[in-house]
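Shown here: target.pdb, PDB, C-alpha atoms and all ligand atoms.
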```pdb
ATOM      1  CA  MET A 860      74.216  80.438  87.711  1.00  0.00           C
ATOM      2  CA  ALA A 861      76.405  79.981  90.781  1.00  0.00           C
ATOM      3  CA  SER A 862      75.797  76.207  90.768  1.00  0.00           C
ATOM      4  CA  SER A 863      77.738  75.839  87.505  1.00  0.00           C
ATOM      5  CA  ILE A 864      80.943  77.191  89.045  1.00  0.00           C
ATOM      6  CA  THR A 865      83.549  74.557  89.900  1.00  0.00           C
ATOM      7  CA  ILE A 866      86.394  75.353  92.272  1.00  0.00           C
ATOM      8  CA  ARG A 867      89.582  73.302  92.278  1.00  0.00           C
ATOM      9  CA  ALA A 868      93.129  73.603  93.554  1.00  0.00           C
ATOM     10  CA  GLU A 869      95.978  74.478  91.222  1.00  0.00           C
ATOM     11  CA  ARG A 870      97.612  71.484  89.569  1.00  0.00           C
ATOM     12  CA  PRO A 871     101.042  71.133  87.952  1.00  0.00           C
ATOM     13  CA  GLY A 872     100.823  72.711  84.505  1.00  0.00           C
ATOM     14  CA  ASP A 873      98.295  75.408  85.525  1.00  0.00           C
ATOM     15  CA  ALA A 874     100.797  78.289  85.721  1.00  0.00           C
ATOM     16  CA  ALA A 875     100.128  79.634  82.210  1.00  0.00           C
ATOM     17  CA  THR A 876      96.361  79.394  82.707  1.00  0.00           C
ATOM     18  CA  ILE A 877      96.614  81.336  85.962  1.00  0.00           C
ATOM     19  CA  THR A 878      98.774  83.989  84.292  1.00  0.00           C
ATOM     20  CA  ASP A 879      96.150  84.375  81.580  1.00  0.00           C
ATOM     21  CA  ILE A 880      93.275  84.739  84.071  1.00  0.00           C
ATOM     22  CA  VAL A 881      95.154  87.298  86.147  1.00  0.00           C
ATOM     23  CA  ARG A 882      96.297  89.374  83.169  1.00  0.00           C
ATOM     24  CA  ARG A 883      92.778  89.499  81.740  1.00  0.00           C
ATOM     25  CA  ALA A 884      91.198  90.349  85.099  1.00  0.00           C
ATOM     26  CA  TYR A 885      93.550  93.261  85.795  1.00  0.00           C
ATOM     27  CA  ALA A 886      93.957  94.509  82.206  1.00  0.00           C
ATOM     28  CA  ASP A 887      91.594  97.474  82.625  1.00  0.00           C
ATOM     29  CA  VAL A 888      91.968  98.035  86.375  1.00  0.00           C
ATOM     30  CA  PRO A 889      93.257 101.615  86.737  1.00  0.00           C
ATOM     31  CA  TYR A 890      95.222 101.075  89.960  1.00  0.00           C
ATOM     32  CA  SER A 891      96.912  97.901  88.678  1.00  0.00           C
ATOM     33  CA  ASP A 892     100.594  97.797  87.737  1.00  0.00           C
ATOM     34  CA  HIS A 893      99.723  94.779  85.537  1.00  0.00           C
ATOM     35  CA  ARG A 894     102.431  92.786  87.285  1.00  0.00           C
ATOM     36  CA  GLU A 895     100.193  90.655  89.526  1.00  0.00           C
ATOM     37  CA  HIS A 896     100.963  87.501  87.533  1.00  0.00           C
ATOM     38  CA  LEU A 897     104.689  88.050  88.057  1.00  0.00           C
ATOM     39  CA  MET A 898     104.139  88.139  91.821  1.00  0.00           C
ATOM     40  CA  ILE A 899     102.458  84.750  91.619  1.00  0.00           C
ATOM     41  CA  ASP A 900     105.416  83.333  89.695  1.00  0.00           C
ATOM     42  CA  ARG A 901     107.860  84.710  92.281  1.00  0.00           C
ATOM     43  CA  LEU A 902     105.823  83.333  95.168  1.00  0.00           C
ATOM     44  CA  ARG A 903     105.550  79.937  93.511  1.00  0.00           C
ATOM     45  CA  GLU A 904     109.290  79.550  94.105  1.00  0.00           C
ATOM     46  CA  THR A 905     108.960  80.079  97.873  1.00  0.00           C
ATOM     47  CA  ASP A 906     107.870  78.012 100.889  1.00  0.00           C
ATOM     48  CA  ALA A 907     104.993  80.460 101.346  1.00  0.00           C
ATOM     49  CA  TYR A 908     103.222  79.050  98.288  1.00  0.00           C
ATOM     50  CA  LEU A 909     100.704  76.320  98.991  1.00  0.00           C
ATOM     51  CA  PRO A 910      99.155  74.903  95.779  1.00  0.00           C
ATOM     52  CA  SER A 911      96.166  73.818  97.872  1.00  0.00           C
ATOM     53  CA  LEU A 912      95.442  77.517  98.542  1.00  0.00           C
ATOM     54  CA  SER A 913      95.802  78.522  94.887  1.00  0.00           C
ATOM     55  CA  LEU A 914      92.296  77.917  93.587  1.00  0.00           C
ATOM     56  CA  LEU A 915      90.874  78.105  90.094  1.00  0.00           C
ATOM     57  CA  ALA A 916      87.222  78.649  89.231  1.00  0.00           C
ATOM     58  CA  GLU A 917      85.844  77.053  86.106  1.00  0.00           C
ATOM     59  CA  ILE A 918      82.524  77.461  84.347  1.00  0.00           C
ATOM     60  CA  GLY A 919      81.695  74.734  81.858  1.00  0.00           C
ATOM     61  CA  GLY A 920      85.326  73.623  82.055  1.00  0.00           C
ATOM     62  CA  GLU A 921      86.600  77.100  81.150  1.00  0.00           C
ATOM     63  CA  PRO A 922      89.006  78.686  83.682  1.00  0.00           C
ATOM     64  CA  VAL A 923      87.490  82.048  84.663  1.00  0.00           C
ATOM     65  CA  GLY A 924      88.872  82.938  88.075  1.00  0.00           C
ATOM     66  CA  HIS A 925      91.754  82.466  90.483  1.00  0.00           C
ATOM     67  CA  ILE A 926      92.576  83.264  94.107  1.00  0.00           C
ATOM     68  CA  LEU A 927      95.846  82.898  95.960  1.00  0.00           C
ATOM     69  CA  LEU A 928      96.657  82.822  99.666  1.00  0.00           C
ATOM     70  CA  THR A 929     100.309  82.684 100.660  1.00  0.00           C
ATOM     71  CA  LYS A 930     101.892  82.314 104.054  1.00  0.00           C
ATOM     72  CA  ALA A 931     102.901  85.461 105.912  1.00  0.00           C
ATOM     73  CA  ALA A 932     103.526  86.261 109.570  1.00  0.00           C
ATOM     74  CA  VAL A 933     102.749  88.826 112.227  1.00  0.00           C
ATOM     75  CA  VAL A 934     105.988  89.456 114.054  1.00  0.00           C
ATOM     76  CA  GLY A 935     105.585  90.908 117.526  1.00  0.00           C
ATOM     77  CA  ASP A 936     107.464  91.115 120.753  1.00  0.00           C
ATOM     78  CA  GLY A 937     109.056  87.689 120.923  1.00  0.00           C
ATOM     79  CA  ARG A 938     106.179  86.076 119.052  1.00  0.00           C
ATOM     80  CA  VAL A 939     105.745  85.147 115.407  1.00  0.00           C
ATOM     81  CA  VAL A 940     102.196  84.233 114.387  1.00  0.00           C
ATOM     82  CA  THR A 941     101.473  82.699 110.997  1.00  0.00           C
ATOM     83  CA  THR A 942      98.819  84.377 108.887  1.00  0.00           C
ATOM     84  CA  LEU A 943      97.862  84.282 105.210  1.00  0.00           C
ATOM     85  CA  ALA A 944      98.000  87.059 102.621  1.00  0.00           C
ATOM     86  CA  LEU A 945      95.256  87.170  99.990  1.00  0.00           C
ATOM     87  CA  ALA A 946      96.496  88.393  96.606  1.00  0.00           C
ATOM     88  CA  PRO A 947      95.588  88.455  93.903  1.00  0.00           C
ATOM     89  CA  LEU A 948      91.895  87.666  93.365  1.00  0.00           C
ATOM     90  CA  SER A 949      91.031  87.591  89.685  1.00  0.00           C
ATOM     91  CA  VAL A 950      87.885  86.998  87.670  1.00  0.00           C
ATOM     92  CA  VAL A 951      88.037  87.505  83.913  1.00  0.00           C
ATOM     93  CA  PRO A 952      85.851  90.445  82.798  1.00  0.00           C
ATOM     94  CA  GLU A 953      83.348  88.351  80.835  1.00  0.00           C
ATOM     95  CA  PHE A 954      82.483  86.357  83.977  1.00  0.00           C
ATOM     96  CA  GLN A 955      82.459  89.087  86.619  1.00  0.00           C
ATOM     97  CA  ARG A 956      79.401  89.727  88.795  1.00  0.00           C
ATOM     98  CA  ARG A 957      78.249  86.108  88.607  1.00  0.00           C
ATOM     99  CA  GLY A 958      79.414  85.054  92.046  1.00  0.00           C
ATOM    100  CA  VAL A 959      82.774  83.619  90.962  1.00  0.00           C
ATOM    101  CA  GLY A 960      84.801  85.841  93.301  1.00  0.00           C
ATOM    102  CA  THR A 961      82.400  85.086  96.152  1.00  0.00           C
ATOM    103  CA  GLN A 962      82.792  81.346  95.644  1.00  0.00           C
ATOM    104  CA  LEU A 963      86.583  81.600  95.425  1.00  0.00           C
ATOM    105  CA  VAL A 964      86.790  83.562  98.682  1.00  0.00           C
ATOM    106  CA  GLY A 965      84.436  81.154 100.467  1.00  0.00           C
ATOM    107  CA  ALA A 966      86.281  78.087  99.202  1.00  0.00           C
ATOM    108  CA  VAL A 967      89.724  79.378 100.071  1.00  0.00           C
ATOM    109  CA  HIS A 968      88.589  80.334 103.580  1.00  0.00           C
ATOM    110  CA  GLU A 969      87.176  76.862 104.103  1.00  0.00           C
ATOM    111  CA  ARG A 970      90.343  75.168 102.886  1.00  0.00           C
ATOM    112  CA  ALA A 971      92.647  77.463 104.850  1.00  0.00           C
ATOM    113  CA  ALA A 972      90.683  76.841 108.062  1.00  0.00           C
ATOM    114  CA  ALA A 973      90.778  73.095 107.443  1.00  0.00           C
ATOM    115  CA  LEU A 974      94.574  73.321 107.136  1.00  0.00           C
ATOM    116  CA  GLY A 975      94.693  75.002 110.551  1.00  0.00           C
ATOM    117  CA  PHE A 976      95.396  78.565 109.476  1.00  0.00           C
ATOM    118  CA  GLU A 977      93.913  81.308 111.609  1.00  0.00           C
ATOM    119  CA  SER A 978      93.598  84.537 109.661  1.00  0.00           C
ATOM    120  CA  VAL A 979      93.789  86.161 106.242  1.00  0.00           C
ATOM    121  CA  LEU A 980      94.860  89.718 105.519  1.00  0.00           C
ATOM    122  CA  LEU A 981      94.786  91.797 102.382  1.00  0.00           C
ATOM    123  CA  VAL A 982      95.110  95.199 100.784  1.00  0.00           C
ATOM    124  CA  GLY A 983      92.147  95.479  98.442  1.00  0.00           C
ATOM    125  CA  ILE A 984      88.781  96.924  97.481  1.00  0.00           C
ATOM    126  CA  PRO A 985      87.087  97.730 100.840  1.00  0.00           C
ATOM    127  CA  ASN A 986      83.517  97.494  99.581  1.00  0.00           C
ATOM    128  CA  TYR A 987      84.089  94.032  98.236  1.00  0.00           C
ATOM    129  CA  TYR A 988      85.663  92.183 101.147  1.00  0.00           C
ATOM    130  CA  ALA A 989      83.491  93.524 103.965  1.00  0.00           C
ATOM    131  CA  GLN A 990      80.656  91.244 102.765  1.00  0.00           C
ATOM    132  CA  PHE A 991      82.813  88.220 103.615  1.00  0.00           C
ATOM    133  CA  GLY A 992      83.461  89.412 107.174  1.00  0.00           C
ATOM    134  CA  TYR A 993      86.759  91.216 106.646  1.00  0.00           C
ATOM    135  CA  GLU A 994      87.360  93.936 109.194  1.00  0.00           C
ATOM    136  CA  PRO A 995      89.575  96.999 108.971  1.00  0.00           C
ATOM    137  CA  LEU A 996      93.123  96.100 109.954  1.00  0.00           C
ATOM    138  CA  ARG A 997      93.158  99.229 112.108  1.00  0.00           C
ATOM    139  CA  CYS A 998      90.849  97.399 114.557  1.00  0.00           C
ATOM    140  CA  TYR A 999      93.868  95.272 115.496  1.00  0.00           C
ATOM    141  CA  PRO A1000      97.364  96.153 116.741  1.00  0.00           C
ATOM    142  CA  ILE A1001      98.810  94.865 113.488  1.00  0.00           C
ATOM    143  CA  ALA A1002     100.795  97.047 111.080  1.00  0.00           C
ATOM    144  CA  LEU A1003     101.772  96.519 107.471  1.00  0.00           C
ATOM    145  CA  PRO A1004     105.430  96.933 106.480  1.00  0.00           C
ATOM    146  CA  PHE A1005     104.469  99.649 103.964  1.00  0.00           C
ATOM    147  CA  GLU A1006     102.124 102.623 103.660  1.00  0.00           C
ATOM    148  CA  ALA A1007      98.642 101.847 102.374  1.00  0.00           C
ATOM    149  CA  PRO A1008      95.293 103.652 102.717  1.00  0.00           C
ATOM    150  CA  ALA A1009      93.656 102.389 105.920  1.00  0.00           C
ATOM    151  CA  GLU A1010      90.351 101.633 104.178  1.00  0.00           C
ATOM    152  CA  ASN A1011      92.061  99.138 101.873  1.00  0.00           C
ATOM    153  CA  CYS A1012      93.767  97.159 104.655  1.00  0.00           C
ATOM    154  CA  MET A1013      91.631  94.349 106.017  1.00  0.00           C
ATOM    155  CA  ILE A1014      91.837  91.149 107.990  1.00  0.00           C
ATOM    156  CA  PHE A1015      89.604  88.142 108.562  1.00  0.00           C
ATOM    157  CA  GLU A1016      89.559  85.649 111.413  1.00  0.00           C
ATOM    158  CA  LEU A1017      89.108  82.104 110.134  1.00  0.00           C
ATOM    159  CA  TRP A1018      87.620  81.269 113.527  1.00  0.00           C
ATOM    160  CA  PRO A1019      86.309  83.610 116.258  1.00  0.00           C
ATOM    161  CA  GLY A1020      89.047  84.861 118.531  1.00  0.00           C
ATOM    162  CA  ALA A1021      91.854  83.740 116.240  1.00  0.00           C
ATOM    163  CA  LEU A1022      93.499  87.164 116.442  1.00  0.00           C
ATOM    164  CA  ASP A1023      93.193  87.587 120.213  1.00  0.00           C
ATOM    165  CA  GLY A1024      96.573  88.677 121.523  1.00  0.00           C
ATOM    166  CA  VAL A1025      98.127  88.908 118.062  1.00  0.00           C
ATOM    167  CA  ALA A1026     100.156  92.097 117.622  1.00  0.00           C
ATOM    168  CA  GLY A1027     103.078  93.238 115.553  1.00  0.00           C
ATOM    169  CA  ARG A1028     104.190  93.957 112.017  1.00  0.00           C
ATOM    170  CA  VAL A1029     103.314  91.846 109.011  1.00  0.00           C
ATOM    171  CA  ARG A1030     106.176  90.013 107.343  1.00  0.00           C
ATOM    172  CA  TYR A1031     105.330  88.912 103.818  1.00  0.00           C
ATOM    173  CA  ALA A1032     107.009  86.088 101.963  1.00  0.00           C
ATOM    174  CA  ASP A1033     110.046  86.865  99.845  1.00  0.00           C
ATOM    175  CA  GLY A1034     108.653  87.672  96.444  1.00  0.00           C
ATOM    176  CA  TRP A1035     105.451  89.250  97.714  1.00  0.00           C
ATOM    177  CA  LEU A1036     106.826  92.727  97.216  1.00  0.00           C
ATOM    178  CA  ASP A1037     108.137  93.755  93.830  1.00  0.00           C
ATOM    179  CA  HIS A1038     111.544  94.837  95.044  1.00  0.00           C
TER     180      HIS A1038
HETATM  181  C1  LIG B1101      86.775  92.229  92.212  1.00  0.00           C
HETATM  182  C2  LIG B1101      86.447  90.890  91.574  1.00  0.00           C
HETATM  183  C3  LIG B1101      87.423  89.825  92.085  1.00  0.00           C
HETATM  184  C4  LIG B1101      85.014  90.501  91.992  1.00  0.00           C
HETATM  185  O1  LIG B1101      84.721  89.209  91.490  1.00  0.00           O
HETATM  186  P1  LIG B1101      83.278  88.891  90.902  1.00  0.00           P
HETATM  187  O2  LIG B1101      83.183  87.444  90.633  1.00  0.00           O
HETATM  188  O3  LIG B1101      83.017  89.801  89.765  1.00  0.00           O
HETATM  189  O4  LIG B1101      82.356  89.331  92.115  1.00  0.00           O
HETATM  190  P2  LIG B1101      81.046  88.621  92.692  1.00  0.00           P
HETATM  191  O5  LIG B1101      80.137  88.234  91.570  1.00  0.00           O
HETATM  192  O6  LIG B1101      81.438  87.582  93.647  1.00  0.00           O
HETATM  193  O7  LIG B1101      80.431  89.877  93.474  1.00  0.00           O
HETATM  194  C5  LIG B1101      79.566  89.707  94.562  1.00  0.00           C
HETATM  195  C6  LIG B1101      79.139  91.080  95.045  1.00  0.00           C
HETATM  196  O8  LIG B1101      80.298  91.839  95.392  1.00  0.00           O
HETATM  197  C7  LIG B1101      80.111  93.208  95.019  1.00  0.00           C
HETATM  198  N1  LIG B1101      81.169  93.582  94.072  1.00  0.00           N
HETATM  199  C8  LIG B1101      81.553  92.938  92.954  1.00  0.00           C
HETATM  200  N2  LIG B1101      82.599  93.553  92.379  1.00  0.00           N
HETATM  201  C9  LIG B1101      82.878  94.619  93.149  1.00  0.00           C
HETATM  202  C10 LIG B1101      83.840  95.647  93.082  1.00  0.00           C
HETATM  203  N3  LIG B1101      84.759  95.706  92.096  1.00  0.00           N
HETATM  204  N4  LIG B1101      83.850  96.589  94.055  1.00  0.00           N
HETATM  205  C11 LIG B1101      82.945  96.535  95.063  1.00  0.00           C
HETATM  206  N5  LIG B1101      82.011  95.576  95.184  1.00  0.00           N
HETATM  207  C12 LIG B1101      81.964  94.639  94.232  1.00  0.00           C
HETATM  208  C13 LIG B1101      78.726  93.313  94.441  1.00  0.00           C
HETATM  209  O9  LIG B1101      77.847  93.669  95.504  1.00  0.00           O
HETATM  210  C14 LIG B1101      78.436  91.903  94.009  1.00  0.00           C
HETATM  211  O10 LIG B1101      77.102  91.586  94.041  1.00  0.00           O
HETATM  212  P3  LIG B1101      76.119  91.984  92.806  1.00  0.00           P
HETATM  213  O11 LIG B1101      76.804  91.546  91.538  1.00  0.00           O
HETATM  214  O12 LIG B1101      74.885  91.203  93.126  1.00  0.00           O
HETATM  215  O13 LIG B1101      75.952  93.469  92.886  1.00  0.00           O
HETATM  216  C15 LIG B1101      86.500  90.942  90.032  1.00  0.00           C
HETATM  217  O14 LIG B1101      85.646  91.966  89.588  1.00  0.00           O
HETATM  218  C16 LIG B1101      87.885  91.196  89.466  1.00  0.00           C
HETATM  219  O15 LIG B1101      88.623  90.257  89.211  1.00  0.00           O
HETATM  220  N6  LIG B1101      88.240  92.480  89.239  1.00  0.00           N
HETATM  221  C17 LIG B1101      89.511  92.841  88.645  1.00  0.00           C
HETATM  222  C18 LIG B1101      90.674  92.521  89.546  1.00  0.00           C
HETATM  223  C19 LIG B1101      90.480  93.083  90.939  1.00  0.00           C
HETATM  224  O16 LIG B1101      90.171  94.269  91.116  1.00  0.00           O
HETATM  225  N7  LIG B1101      90.692  92.189  91.942  1.00  0.00           N
HETATM  226  C20 LIG B1101      90.499  92.515  93.353  1.00  0.00           C
HETATM  227  C21 LIG B1101      91.584  93.354  93.848  1.00  0.00           C
HETATM  228  S1  LIG B1101      91.450  93.600  95.581  1.00  0.00           S
END
```

How would this structure read if it were set down as structure tokens?
Amino acid sequence: MASSITIRAERPGDAATITDIVRRAYADVPYSDHREHLMIDRLRETDAYLPSLSLLAEIGGEPVGHILLTKAAVVGDGRVVTTLALAPLSVVPEFQRRGVGTQLVGAVHERAAALGFESVLLVGIPNYYAQFGYEPLRCYPIALPFEAPAENCMIFELWPGALDGVAGRVRYADGWLDH
């Protein structure tokens, strides 16, 4: 089943397709504000948006999933370290639990590492991301700029030791927050 999943980077003209995937994926998610697609559109207008880290998953040519990493930073004492923020990750309901999300996460990690990025952070479902090696953010001296339950805040090193010495507060791209 997993072998029939194709992963590709966003191309010009994909915005409406991505909106559709994201809206369908989050439609019945109780904690969703159903505005995830609007965040993507805001971010697309910023320097933080890298089309090569906006990936679509297709099965039989049908778009069924999407993942986005955008540039963010950890701002510490006299040091600004680039990181990536993962959000959102979306698989349409009819194609969930077939490994699409797993392939999207793996592919985006690979591409981000190849581009020289060092880490990825997120606020998400704890039980899902731990399987990919995400660790609780509280293991690091890194704080989010807003309140969030500790178990939902996670970070991943794209290579071992990437976060050594990194400390400070996360600064998201303009457009990441809804206000
Ligand atoms: C969460 C989501 C991205 C997972 O994608 P997916 O393609 O269905 O997941 P995968 O097939 O890669 O799952 C692999 C494993 O992760 C675990 N898993 C899957 N969905 C999970 C969930 N919602 N919570 C916890 N663990 C989950 C399971 O162990 C699964 O293996 P199994 O199917 O053999 O039991 C998808 O369900 C989705 O889009 N949900 C709605 C939007 C959302 O909540 N996005 C994430 C916000 S942080």

Residues within 9 Å of ligand LIG 1101 (chain B), counting all atoms listed in the file: report them as a PDB file with C-alpha atoms, in the coordinates of the input.
```
ATOM      1  CA  ILE A 880      93.275  84.739  84.071  1.00  0.00           C
ATOM      2  CA  VAL A 881      95.154  87.298  86.147  1.00  0.00           C
ATOM      3  CA  ARG A 883      92.778  89.499  81.740  1.00  0.00           C
ATOM      4  CA  ALA A 884      91.198  90.349  85.099  1.00  0.00           C
ATOM      5  CA  TYR A 885      93.550  93.261  85.795  1.00  0.00           C
ATOM      6  CA  ALA A 886      93.957  94.509  82.206  1.00  0.00           C
ATOM      7  CA  ASP A 887      91.594  97.474  82.625  1.00  0.00           C
ATOM      8  CA  VAL A 888      91.968  98.035  86.375  1.00  0.00           C
ATOM      9  CA  TYR A 890      95.222 101.075  89.960  1.00  0.00           C
ATOM     10  CA  SER A 891      96.912  97.901  88.678  1.00  0.00           C
ATOM     11  CA  GLY A 924      88.872  82.938  88.075  1.00  0.00           C
ATOM     12  CA  HIS A 925      91.754  82.466  90.483  1.00  0.00           C
ATOM     13  CA  ILE A 926      92.576  83.264  94.107  1.00  0.00           C
ATOM     14  CA  LEU A 945      95.256  87.170  99.990  1.00  0.00           C
ATOM     15  CA  ALA A 946      96.496  88.393  96.606  1.00  0.00           C
ATOM     16  CA  PRO A 947      95.588  88.455  93.903  1.00  0.00           C
ATOM     17  CA  LEU A 948      91.895  87.666  93.365  1.00  0.00           C
ATOM     18  CA  SER A 949      91.031  87.591  89.685  1.00  0.00           C
ATOM     19  CA  VAL A 950      87.885  86.998  87.670  1.00  0.00           C
ATOM     20  CA  VAL A 951      88.037  87.505  83.913  1.00  0.00           C
ATOM     21  CA  PRO A 952      85.851  90.445  82.798  1.00  0.00           C
ATOM     22  CA  PHE A 954      82.483  86.357  83.977  1.00  0.00           C
ATOM     23  CA  GLN A 955      82.459  89.087  86.619  1.00  0.00           C
ATOM     24  CA  ARG A 956      79.401  89.727  88.795  1.00  0.00           C
ATOM     25  CA  ARG A 957      78.249  86.108  88.607  1.00  0.00           C
ATOM     26  CA  GLY A 958      79.414  85.054  92.046  1.00  0.00           C
ATOM     27  CA  VAL A 959      82.774  83.619  90.962  1.00  0.00           C
ATOM     28  CA  GLY A 960      84.801  85.841  93.301  1.00  0.00           C
ATOM     29  CA  THR A 961      82.400  85.086  96.152  1.00  0.00           C
ATOM     30  CA  GLN A 962      82.792  81.346  95.644  1.00  0.00           C
ATOM     31  CA  LEU A 963      86.583  81.600  95.425  1.00  0.00           C
ATOM     32  CA  VAL A 964      86.790  83.562  98.682  1.00  0.00           C
ATOM     33  CA  LEU A 981      94.786  91.797 102.382  1.00  0.00           C
ATOM     34  CA  VAL A 982      95.110  95.199 100.784  1.00  0.00           C
ATOM     35  CA  GLY A 983      92.147  95.479  98.442  1.00  0.00           C
ATOM     36  CA  ILE A 984      88.781  96.924  97.481  1.00  0.00           C
ATOM     37  CA  PRO A 985      87.087  97.730 100.840  1.00  0.00           C
ATOM     38  CA  ASN A 986      83.517  97.494  99.581  1.00  0.00           C
ATOM     39  CA  TYR A 987      84.089  94.032  98.236  1.00  0.00           C
ATOM     40  CA  TYR A 988      85.663  92.183 101.147  1.00  0.00           C
ATOM     41  CA  GLN A 990      80.656  91.244 102.765  1.00  0.00           C
ATOM     42  CA  ASN A1011      92.061  99.138 101.873  1.00  0.00           C
TER      43      ASN A1011
END
```

Selection: 8 Å around Ala971 (chain A), all atoms listed in the file, excl. self and same-chain fewer than 5 positions, as a list in words = Leu912, Phe976, Glu977 and Leu1017 of chain A

Mind pulling up the distance from CA of His896 (chain A) to CA of Gly872 (chain A)?
->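 Here the two named atoms are 15.1 Å from each other.
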
Kindly provide, as a ChimeraX atom specification, the polymer residues lying within 12 Å of (98.5, 87.0, 121.4), counting only C-alpha atoms and using the coordinates exactly as they appear in the file.
-> /A:933-941,999-1001,1020-1027

Output C-alpha atoms for every residue in that selection, as an mmCIF file, keeping the file's coordinate frame.
```cif
data_model
loop_
_atom_site.group_PDB
_atom_site.id
_atom_site.type_symbol
_atom_site.label_atom_id
_atom_site.label_comp_id
_atom_site.auth_asym_id
_atom_site.auth_seq_id
_atom_site.Cartn_x
_atom_site.Cartn_y
_atom_site.Cartn_z
ATOM 1 C CA VAL A 933 102.749 88.826 112.227
ATOM 2 C CA VAL A 934 105.988 89.456 114.054
ATOM 3 C CA GLY A 935 105.585 90.908 117.526
ATOM 4 C CA ASP A 936 107.464 91.115 120.753
ATOM 5 C CA GLY A 937 109.056 87.689 120.923
ATOM 6 C CA ARG A 938 106.179 86.076 119.052
ATOM 7 C CA VAL A 939 105.745 85.147 115.407
ATOM 8 C CA VAL A 940 102.196 84.233 114.387
ATOM 9 C CA THR A 941 101.473 82.699 110.997
ATOM 10 C CA TYR A 999 93.868 95.272 115.496
ATOM 11 C CA PRO A 1000 97.364 96.153 116.741
ATOM 12 C CA ILE A 1001 98.810 94.865 113.488
ATOM 13 C CA GLY A 1020 89.047 84.861 118.531
ATOM 14 C CA ALA A 1021 91.854 83.740 116.240
ATOM 15 C CA LEU A 1022 93.499 87.164 116.442
ATOM 16 C CA ASP A 1023 93.193 87.587 120.213
ATOM 17 C CA GLY A 1024 96.573 88.677 121.523
ATOM 18 C CA VAL A 1025 98.127 88.908 118.062
ATOM 19 C CA ALA A 1026 100.156 92.097 117.622
ATOM 20 C CA GLY A 1027 103.078 93.238 115.553
#
```

Picked residues, the PyMOL selection byres (((chain A and resi 994) around 7) and not hetatm), expected as a VMD selection string = chain A and resid 989 992 to 993 995 to 996 1013 to 1015

Residue neighbourhood region 1030-1035 of chain A, 9 Å, all atoms listed in the file, exclusion window fewer than 6 positions, as a ChimeraX atom specification = /A:898-908,929-934,943-944,1003-1004
